[in-house]
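Report on the following structure.
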Amino acid sequence: MSKVRVRYAPSPTGPQHIGGARSALFNFLYARATGGKFILRIEDTDLERSSRESEQNILTVLRWLGMTWDEGVDVGGPFGPYRQTERLDTYRIYTQRLLEIGAAYHCYCSEEELAAEREELISRGETPRYLGKCRNLTTEQIREYEAQGRKPVVRFRVPEDHEIKVNDLVRGEVSFDSNLIGDFVIVKSDGIPTYNFAVVVDDTTMEITHVLRGEEHLSNTPRQVLIYQALNLPVPEFGHISLILGKDRSKMSKRHGSVSVAHYREQGYLPEAIVNFIALLGWAPPGEEEFFSMEELIGAFGLDRAAKNPAVFDMDKLNYISSHYIKKAEPSRLAELAVPHLLEAGFLTEHPDTAGFKWLTRMMAAVQEYLAYVGQVAEYARFFFGEEVTLQGSEAREVLQGEQVPPVTELFLKKLEEAAELTPETVKGILKSVGKELKLGGKQVFMPLRVALTGETQGPELYNLIPLLGKETAANRVRSAMKQL
Ligand code: GLU
């Protein structure tokens, strides 16, 4: 087999979405698993909707996820340029060839004429398609249209009674009836090629061997195959990976959570979690293991385990996978990611200095086991910031009304004051000795101190919390809580 060359070919018409990132990942993994090349091509022929900003967002997101490409818009390569609007001369050569061999023709039909044809077909219950009015225009007719100032499009002449068979790497054999496909436009009247044509010219000139993309493109495939066949070009292998649906099994959309990868990045999901999660959207790992690093995915990935059934985007699953990586992450990395969230929530007013960052790193180590993604830190930060506490609810108040509470807090404050250094270990010792000296069970010591230190009955481990608060803040909090009774 010739060397594998695969591509991800996004249209830069918006931020990189989950589905596209999944296509990119599958191509990347396939290239790396087979020792092939991964190409990043930008399909920007929709001049109105394409933007360099979206293009940049796509590249940034893919790099953040840990993908690299061997050829592409920004890195160049032997088959460039890799941006479609810079390849118009190449499309022109292929258009000319198709026109010369009679596989394409100029069509002068106006929008109104096409709309009327469409409606007519729909009212007859037929598939709307172009019926070929301009297929065999005489020189006379062409001259007349030109004289009227009509600007033609170029249409592909779809052969009649032709079965188009595709042996899809994921879906198996799929066949299409050419009679249901009208002659389709390959070059618009402004000279810009359409997707189905440009993609064939690019895939063939870039020597793409496998076209791996979302199932939503399956219906485009027969059109593309017809163009390859008309030009006598080798047809690449196709693999259409399953659609991604929301949990309610309707097509994945904003309603199911954000579709843009950047959104998850901003929320504080780690790239390795997103990669792991999207790898499982349409690919089933061989064993029980569900956590995979990029390296492990490269080792395990294959199209033989790509699923035909739609994949379901399940937020709970994403959070489950994500928390696994958050637990494993270096606290300093989490601290860096937490800063914007703490600034936004008002816990920080500026980027912390070295000492502040060290403290934040310790705080993240104390909370990382509770987080699905870093952005959730805002929900836990209240435990760690602030000199005073406010008693939350009647339960907290009741806890502090226990008769053992004044001696407990008093002895705790005394021992706190006397402690040489506060570490989780020394704090554990203090808490233990308070109970021992007052002959009280663990809960009778922990609960009131928890409430006195946080205002709440649930929260982080006291031995993690107290060293982070420091002597002074811890004492201030206990006193302020007791005053609220
Ligand atoms: N530009 C197309 C898209 O973004 C690419 C389709 C393909 O891979 O052929 O959906």
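Ordered as shown in the structure tokens, chains take letters A, B, and onward, while each chain numbers its residues from 1 and ligands are numbered from 1 in the order shown.
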Name the residues in contact with segment 346-355 of chain A at a cut-off of 10 Å, using only C-alpha atoms, excluding same-chain residues fewer than 5 positions from it; report them as a PDB file with C-alpha atoms, in the first residue's frame.
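That gives us part_20.pdb:
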ATOM      1  CA  GLU A 336      -2.170  28.604  36.664  1.00  0.00           C
ATOM      2  CA  VAL A 339      -6.217  32.244  38.241  1.00  0.00           C
ATOM      3  CA  PRO A 340      -8.620  33.625  35.590  1.00  0.00           C
ATOM      4  CA  HIS A 341     -11.553  31.926  37.309  1.00  0.00           C
ATOM      5  CA  LEU A 360      -2.714  28.789  45.400  1.00  0.00           C
ATOM      6  CA  THR A 361      -0.853  25.677  44.302  1.00  0.00           C
ATOM      7  CA  ALA A 378     -14.901  29.135  42.042  1.00  0.00           C
ATOM      8  CA  ALA A 381     -12.707  29.012  46.772  1.00  0.00           C
ATOM      9  CA  ARG A 382     -14.945  30.562  49.420  1.00  0.00           C
ATOM     10  CA  PHE A 384     -10.054  29.405  51.467  1.00  0.00           C
ATOM     11  CA  PHE A 385     -10.490  33.134  51.018  1.00  0.00           C
ATOM     12  CA  GLY A 386     -11.582  35.726  53.539  1.00  0.00           C
TER      13      GLY A 386
END
**Ser260 of chain A surroundings by only C-alpha atoms, 7 Å radius, close-in-sequence under 5 positions cut, as a PyMOL selection string** = chain A and resi 15-18
**Message:** List as a list in words the protein and nucleic acid residues near segment 162-178 of chain A, meaning an atom at most 8 Å away when only C-alpha atoms are counted, but skip any in the same chain fewer than 5 places from it.
**Reply:** Pro222, Val225, Leu226, Glu237, Phe238, Gly239, His240, Ile241, Leu303, Asp304, Ala306, Ala307 and Lys308 of chain A
**Prompt:** Within 8 Å of segment 316-321 of chain A, counting only C-alpha atoms, which residues qualify if same-chain residues fewer than 2 places away don't, as a list of chain:residue names?
**Reply:** A:Ala273, A:Ile274, A:Asn276, A:Phe277, A:Phe291, A:Asp314, A:Ser323, A:His324, A:Tyr325, A:Ala372, A:Tyr373
**Request:** Mind checking which residues fall within 12 Å of Tyr8 of chain A, counting only C-alpha atoms, ignoring those fewer than 6 positions away in the same chain, and posting them as a PyMOL selection string?
**Result:** chain A and resi 19-31+37-43+58-59+62+67-73+82+199+202-203+208+210-214
Grab the residues selected above and save them as a compact mmCIF listing (two decimals), in the first residue's frame with N, CA, C and O atoms.
# COMPACT_ATOMS: atom_id res chain seq x y z
N GLY A 19 -17.14 18.18 16.96
CA GLY A 19 -17.20 17.20 15.88
C GLY A 19 -15.98 17.30 14.97
O GLY A 19 -15.39 16.29 14.57
N GLY A 20 -15.60 18.53 14.64
CA GLY A 20 -14.43 18.73 13.77
C GLY A 20 -13.16 18.27 14.47
O GLY A 20 -12.29 17.64 13.85
N ALA A 21 -13.05 18.58 15.75
CA ALA A 21 -11.85 18.18 16.50
C ALA A 21 -11.76 16.66 16.51
O ALA A 21 -10.68 16.08 16.42
N ARG A 22 -12.92 16.01 16.61
CA ARG A 22 -12.94 14.54 16.58
C ARG A 22 -12.44 14.03 15.22
O ARG A 22 -11.64 13.10 15.13
N SER A 23 -12.92 14.65 14.11
CA SER A 23 -12.43 14.25 12.78
C SER A 23 -10.93 14.45 12.67
O SER A 23 -10.21 13.60 12.15
N ALA A 24 -10.46 15.61 13.15
CA ALA A 24 -9.03 15.90 13.10
C ALA A 24 -8.27 14.83 13.87
O ALA A 24 -7.28 14.28 13.39
N LEU A 25 -8.77 14.50 15.06
CA LEU A 25 -8.09 13.52 15.91
C LEU A 25 -8.00 12.15 15.23
O LEU A 25 -6.96 11.50 15.24
N PHE A 26 -9.11 11.71 14.65
CA PHE A 26 -9.10 10.39 14.01
C PHE A 26 -8.09 10.35 12.87
O PHE A 26 -7.39 9.37 12.68
N ASN A 27 -8.03 11.43 12.10
CA ASN A 27 -7.05 11.49 11.01
C ASN A 27 -5.63 11.51 11.56
O ASN A 27 -4.75 10.82 11.07
N PHE A 28 -5.44 12.33 12.58
CA PHE A 28 -4.12 12.42 13.21
C PHE A 28 -3.68 11.05 13.73
O PHE A 28 -2.57 10.59 13.46
N LEU A 29 -4.58 10.39 14.46
CA LEU A 29 -4.24 9.08 15.04
C LEU A 29 -3.96 8.07 13.94
O LEU A 29 -3.02 7.27 14.04
N TYR A 30 -4.78 8.13 12.89
CA TYR A 30 -4.59 7.17 11.80
C TYR A 30 -3.21 7.38 11.16
O TYR A 30 -2.49 6.42 10.88
N ALA A 31 -2.87 8.65 10.93
CA ALA A 31 -1.56 8.95 10.33
C ALA A 31 -0.43 8.47 11.23
O ALA A 31 0.50 7.81 10.79
N LYS A 37 1.21 10.52 6.73
CA LYS A 37 1.28 11.97 6.89
C LYS A 37 -0.11 12.53 7.19
O LYS A 37 -1.12 12.06 6.65
N PHE A 38 -0.11 13.56 8.03
CA PHE A 38 -1.37 14.25 8.37
C PHE A 38 -1.29 15.67 7.83
O PHE A 38 -0.34 16.39 8.11
N ILE A 39 -2.29 16.02 7.04
CA ILE A 39 -2.28 17.32 6.36
C ILE A 39 -3.45 18.18 6.85
O ILE A 39 -4.55 17.69 7.04
N LEU A 40 -3.16 19.43 7.08
CA LEU A 40 -4.23 20.35 7.49
C LEU A 40 -4.50 21.34 6.37
O LEU A 40 -3.67 22.16 6.03
N ARG A 41 -5.68 21.21 5.80
CA ARG A 41 -6.05 22.06 4.66
C ARG A 41 -7.22 22.94 5.06
O ARG A 41 -8.13 22.49 5.75
N ILE A 42 -7.18 24.17 4.63
CA ILE A 42 -8.27 25.09 4.98
C ILE A 42 -9.20 25.27 3.77
O ILE A 42 -8.76 25.68 2.69
N GLU A 43 -10.48 24.96 3.98
CA GLU A 43 -11.45 25.02 2.89
C GLU A 43 -12.28 26.30 3.04
O GLU A 43 -13.34 26.31 3.65
N ILE A 58 -9.03 27.47 14.92
CA ILE A 58 -8.94 26.02 14.63
C ILE A 58 -7.51 25.54 14.89
O ILE A 58 -7.30 24.55 15.58
N LEU A 59 -6.52 26.25 14.35
CA LEU A 59 -5.13 25.83 14.51
C LEU A 59 -4.74 25.84 16.00
O LEU A 59 -4.09 24.90 16.49
N LEU A 62 -6.39 22.87 17.84
CA LEU A 62 -5.82 21.56 17.51
C LEU A 62 -4.45 21.39 18.17
O LEU A 62 -4.13 20.32 18.68
N MET A 67 -2.21 17.99 18.82
CA MET A 67 -2.02 17.45 17.46
C MET A 67 -0.97 18.27 16.72
O MET A 67 -0.86 19.47 16.92
N THR A 68 -0.26 17.60 15.86
CA THR A 68 0.69 18.28 14.98
C THR A 68 0.40 17.81 13.58
O THR A 68 -0.15 16.71 13.39
N TRP A 69 0.73 18.60 12.59
CA TRP A 69 0.51 18.16 11.21
C TRP A 69 1.81 18.31 10.42
O TRP A 69 2.65 19.15 10.73
N ASP A 70 1.91 17.45 9.42
CA ASP A 70 3.16 17.41 8.64
C ASP A 70 3.15 18.42 7.52
O ASP A 70 4.19 18.87 7.06
N GLU A 71 1.95 18.76 7.05
CA GLU A 71 1.82 19.76 6.00
C GLU A 71 0.57 20.57 6.33
O GLU A 71 -0.38 20.02 6.87
N GLY A 72 0.58 21.82 5.94
CA GLY A 72 -0.62 22.61 6.20
C GLY A 72 -0.40 24.09 6.02
O GLY A 72 0.72 24.52 5.72
N VAL A 73 -1.49 24.84 6.22
CA VAL A 73 -1.45 26.28 5.97
C VAL A 73 -0.26 26.98 6.61
O VAL A 73 0.39 27.80 5.99
N TYR A 82 -2.03 25.39 0.94
CA TYR A 82 -2.99 24.54 1.64
C TYR A 82 -4.27 25.30 2.02
O TYR A 82 -5.01 24.86 2.88
N VAL A 199 -12.74 19.80 -3.25
CA VAL A 199 -12.24 18.74 -2.37
C VAL A 199 -11.60 17.61 -3.19
O VAL A 199 -10.57 17.04 -2.80
N ASP A 202 -8.26 18.90 -4.61
CA ASP A 202 -7.25 18.96 -3.54
C ASP A 202 -6.83 17.57 -3.09
O ASP A 202 -5.64 17.30 -2.94
N ASP A 203 -7.80 16.71 -2.89
CA ASP A 203 -7.44 15.37 -2.39
C ASP A 203 -6.58 14.64 -3.42
O ASP A 203 -5.64 13.94 -3.06
N ILE A 208 -3.99 12.38 -1.35
CA ILE A 208 -4.65 11.85 -0.15
C ILE A 208 -5.07 10.40 -0.42
O ILE A 208 -5.68 10.11 -1.46
N HIS A 210 -6.66 8.37 2.14
CA HIS A 210 -7.86 8.03 2.91
C HIS A 210 -8.58 9.30 3.31
O HIS A 210 -7.97 10.19 3.89
N VAL A 211 -9.87 9.34 3.00
CA VAL A 211 -10.69 10.48 3.40
C VAL A 211 -11.52 10.05 4.60
O VAL A 211 -12.47 9.27 4.46
N LEU A 212 -11.12 10.50 5.77
CA LEU A 212 -11.84 10.15 6.99
C LEU A 212 -12.57 11.39 7.47
O LEU A 212 -11.94 12.40 7.76
N ARG A 213 -13.87 11.32 7.53
CA ARG A 213 -14.64 12.51 7.91
C ARG A 213 -15.98 12.08 8.48
O ARG A 213 -16.33 10.90 8.48
N GLY A 214 -16.75 13.06 8.91
CA GLY A 214 -18.02 12.78 9.57
C GLY A 214 -19.06 12.22 8.60
O GLY A 214 -19.02 12.51 7.39
**Item:** Nearest residue to Gly191 of chain A from the set A:Glu215, A:Lys133, A:Tyr264, A:Leu47 (distances using only C-alpha atoms)
**Value:** A:Leu47
**Item:** Residues flagged alpha helix (DSSP H) by DSSP in segment 273-357 of chain A, as an NGL selection string
**Value:** :A and (273-279 or 294-300 or 315-328 or 331-344 or 354-357)
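From atom CA of Cys107 of chain A back to atom CA of Gln141 of chain A, the distance works out to 11.0 Å.
For the set A:Asp190, A:Glu216, A:Asp183, A:Glu288, the residue with the smallest atom-to-atom gap to ligand 1 is A:Glu216, counting only C-alpha atoms and all ligand atoms.
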**Prompt:** Smallest atom-to-atom distance to ligand 1: which of A:Ile244, A:Val389, A:Leu218, A:Met363, using only C-alpha atoms and all ligand atoms?
**Reply:**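 Of the candidates, the smallest distance to ligand 1 is held by A:Leu218.
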**Message:** List as a ChimeraX atom specification the protein and nucleic acid residues near Leu485 of chain A, meaning an atom at most 8 Å away when only C-alpha atoms are counted, but skip any in the same chain fewer than 5 places from it.
**Reply:** /A:397,400-401
Write the selection just made, keeping N, CA, C and O atoms, as a PDB file, in the first residue's frame?
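Written output follows (out-v1.pdb):
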ATOM      1  N   ARG A 397     -25.653  26.587  62.705  1.00  0.00           N
ATOM      2  CA  ARG A 397     -25.875  27.266  63.984  1.00  0.00           C
ATOM      3  C   ARG A 397     -26.048  26.243  65.120  1.00  0.00           C
ATOM      4  O   ARG A 397     -25.441  26.372  66.177  1.00  0.00           O
ATOM      5  N   LEU A 400     -22.899  24.688  66.419  1.00  0.00           N
ATOM      6  CA  LEU A 400     -22.099  25.540  67.300  1.00  0.00           C
ATOM      7  C   LEU A 400     -22.750  25.766  68.665  1.00  0.00           C
ATOM      8  O   LEU A 400     -22.142  26.325  69.576  1.00  0.00           O
ATOM      9  N   GLN A 401     -24.016  25.337  68.781  1.00  0.00           N
ATOM     10  CA  GLN A 401     -24.679  25.523  70.066  1.00  0.00           C
ATOM     11  C   GLN A 401     -24.434  24.369  71.038  1.00  0.00           C
ATOM     12  O   GLN A 401     -24.861  24.419  72.190  1.00  0.00           O
TER      13      GLN A 401
END
**Item:** Pairwise distance for atom CA of Pro193 of chain A and atom 1 (N, counted along the ligand's line) of ligand 1, rounded to one decimal in Å
**Value:**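 It comes out at 12.6 Å.
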**Request:** May I have the residues within 12 Å of segment 90-93 of chain A as a VMD selection string, using only C-alpha atoms and disregarding those fewer than 6 positions away in the same chain?
**Result:** chain A and resid 45 79 to 84 99 to 100 154 186 to 188 191 to 206 231
**Asked** Which of these residues is nearest to ligand 1, using only C-alpha atoms and all ligand atoms: A:Gln224, A:Arg135, A:Val374, A:Val158?
**Response** A:Gln224
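One distance worth recording is that between atom CA of Ala279 of chain A and atom CA of Asn57 of chain A, which is 20.5 Å.
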**Prompt:** Between A:Arg223, A:Lys3, A:Lys254, A:Lys428, which has the minimum distance to ligand 1 (counting only C-alpha atoms and all ligand atoms)?
**Reply:**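 Closest to ligand 1 of all the choices is A:Arg223.
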With segment 430-449 of chain A as the partner and 7 Å as the cut-off, tabulate the residues of segment 345-413 of chain A that qualify, each row holding the nearest pair of atoms and their distance in Å to one decimal, using only C-alpha atoms, sorted by chain and rising number, as a Markdown table.
| residue | atom | partner | partner_atom | distance |
| --- | --- | --- | --- | --- |
| A:Val399 | CA | A:Pro448 | CA | 5.8 |
| A:Leu400 | CA | A:Pro448 | CA | 5.5 |
| A:Val405 | CA | A:Pro448 | CA | 6.4 |
| A:Val408 | CA | A:Val445 | CA | 6.5 |
| A:Thr409 | CA | A:Leu449 | CA | 6.9 |
| A:Leu411 | CA | A:Val434 | CA | 6.5 |
| A:Phe412 | CA | A:Val434 | CA | 6.4 |
Create the file for the chosen residues now, containing N, CA and C atoms and written as an mmCIF file, in the first residue's frame.
data_model
loop_
_atom_site.group_PDB
_atom_site.id
_atom_site.type_symbol
_atom_site.label_atom_id
_atom_site.label_comp_id
_atom_site.auth_asym_id
_atom_site.auth_seq_id
_atom_site.Cartn_x
_atom_site.Cartn_y
_atom_site.Cartn_z
ATOM 1 N N VAL A 399 -24.962 23.236 65.282
ATOM 2 C CA VAL A 399 -23.693 22.561 65.586
ATOM 3 C C VAL A 399 -22.899 23.386 66.599
ATOM 4 N N LEU A 400 -22.899 24.688 66.419
ATOM 5 C CA LEU A 400 -22.099 25.540 67.300
ATOM 6 C C LEU A 400 -22.750 25.766 68.665
ATOM 7 N N VAL A 405 -18.853 22.978 72.668
ATOM 8 C CA VAL A 405 -18.208 23.826 71.664
ATOM 9 C C VAL A 405 -17.280 24.893 72.266
ATOM 10 N N VAL A 408 -13.999 23.380 73.203
ATOM 11 C CA VAL A 408 -13.301 22.886 72.010
ATOM 12 C C VAL A 408 -12.635 24.052 71.273
ATOM 13 N N THR A 409 -13.383 25.090 71.027
ATOM 14 C CA THR A 409 -12.807 26.201 70.250
ATOM 15 C C THR A 409 -11.689 26.876 71.052
ATOM 16 N N LEU A 411 -9.683 25.551 73.351
ATOM 17 C CA LEU A 411 -8.473 24.738 73.376
ATOM 18 C C LEU A 411 -7.812 24.717 71.990
ATOM 19 N N PHE A 412 -8.657 24.666 70.972
ATOM 20 C CA PHE A 412 -8.134 24.665 69.601
ATOM 21 C C PHE A 412 -7.343 25.959 69.357
#
**Request:** Per DSSP on the backbone, filter segment 151-289 of chain A down to the residues in strand (DSSP E) and report them as a PyMOL selection string.
**Result:** chain A and resi 153-156+163-168+172-177+185-187+210-214+237-241+244-245
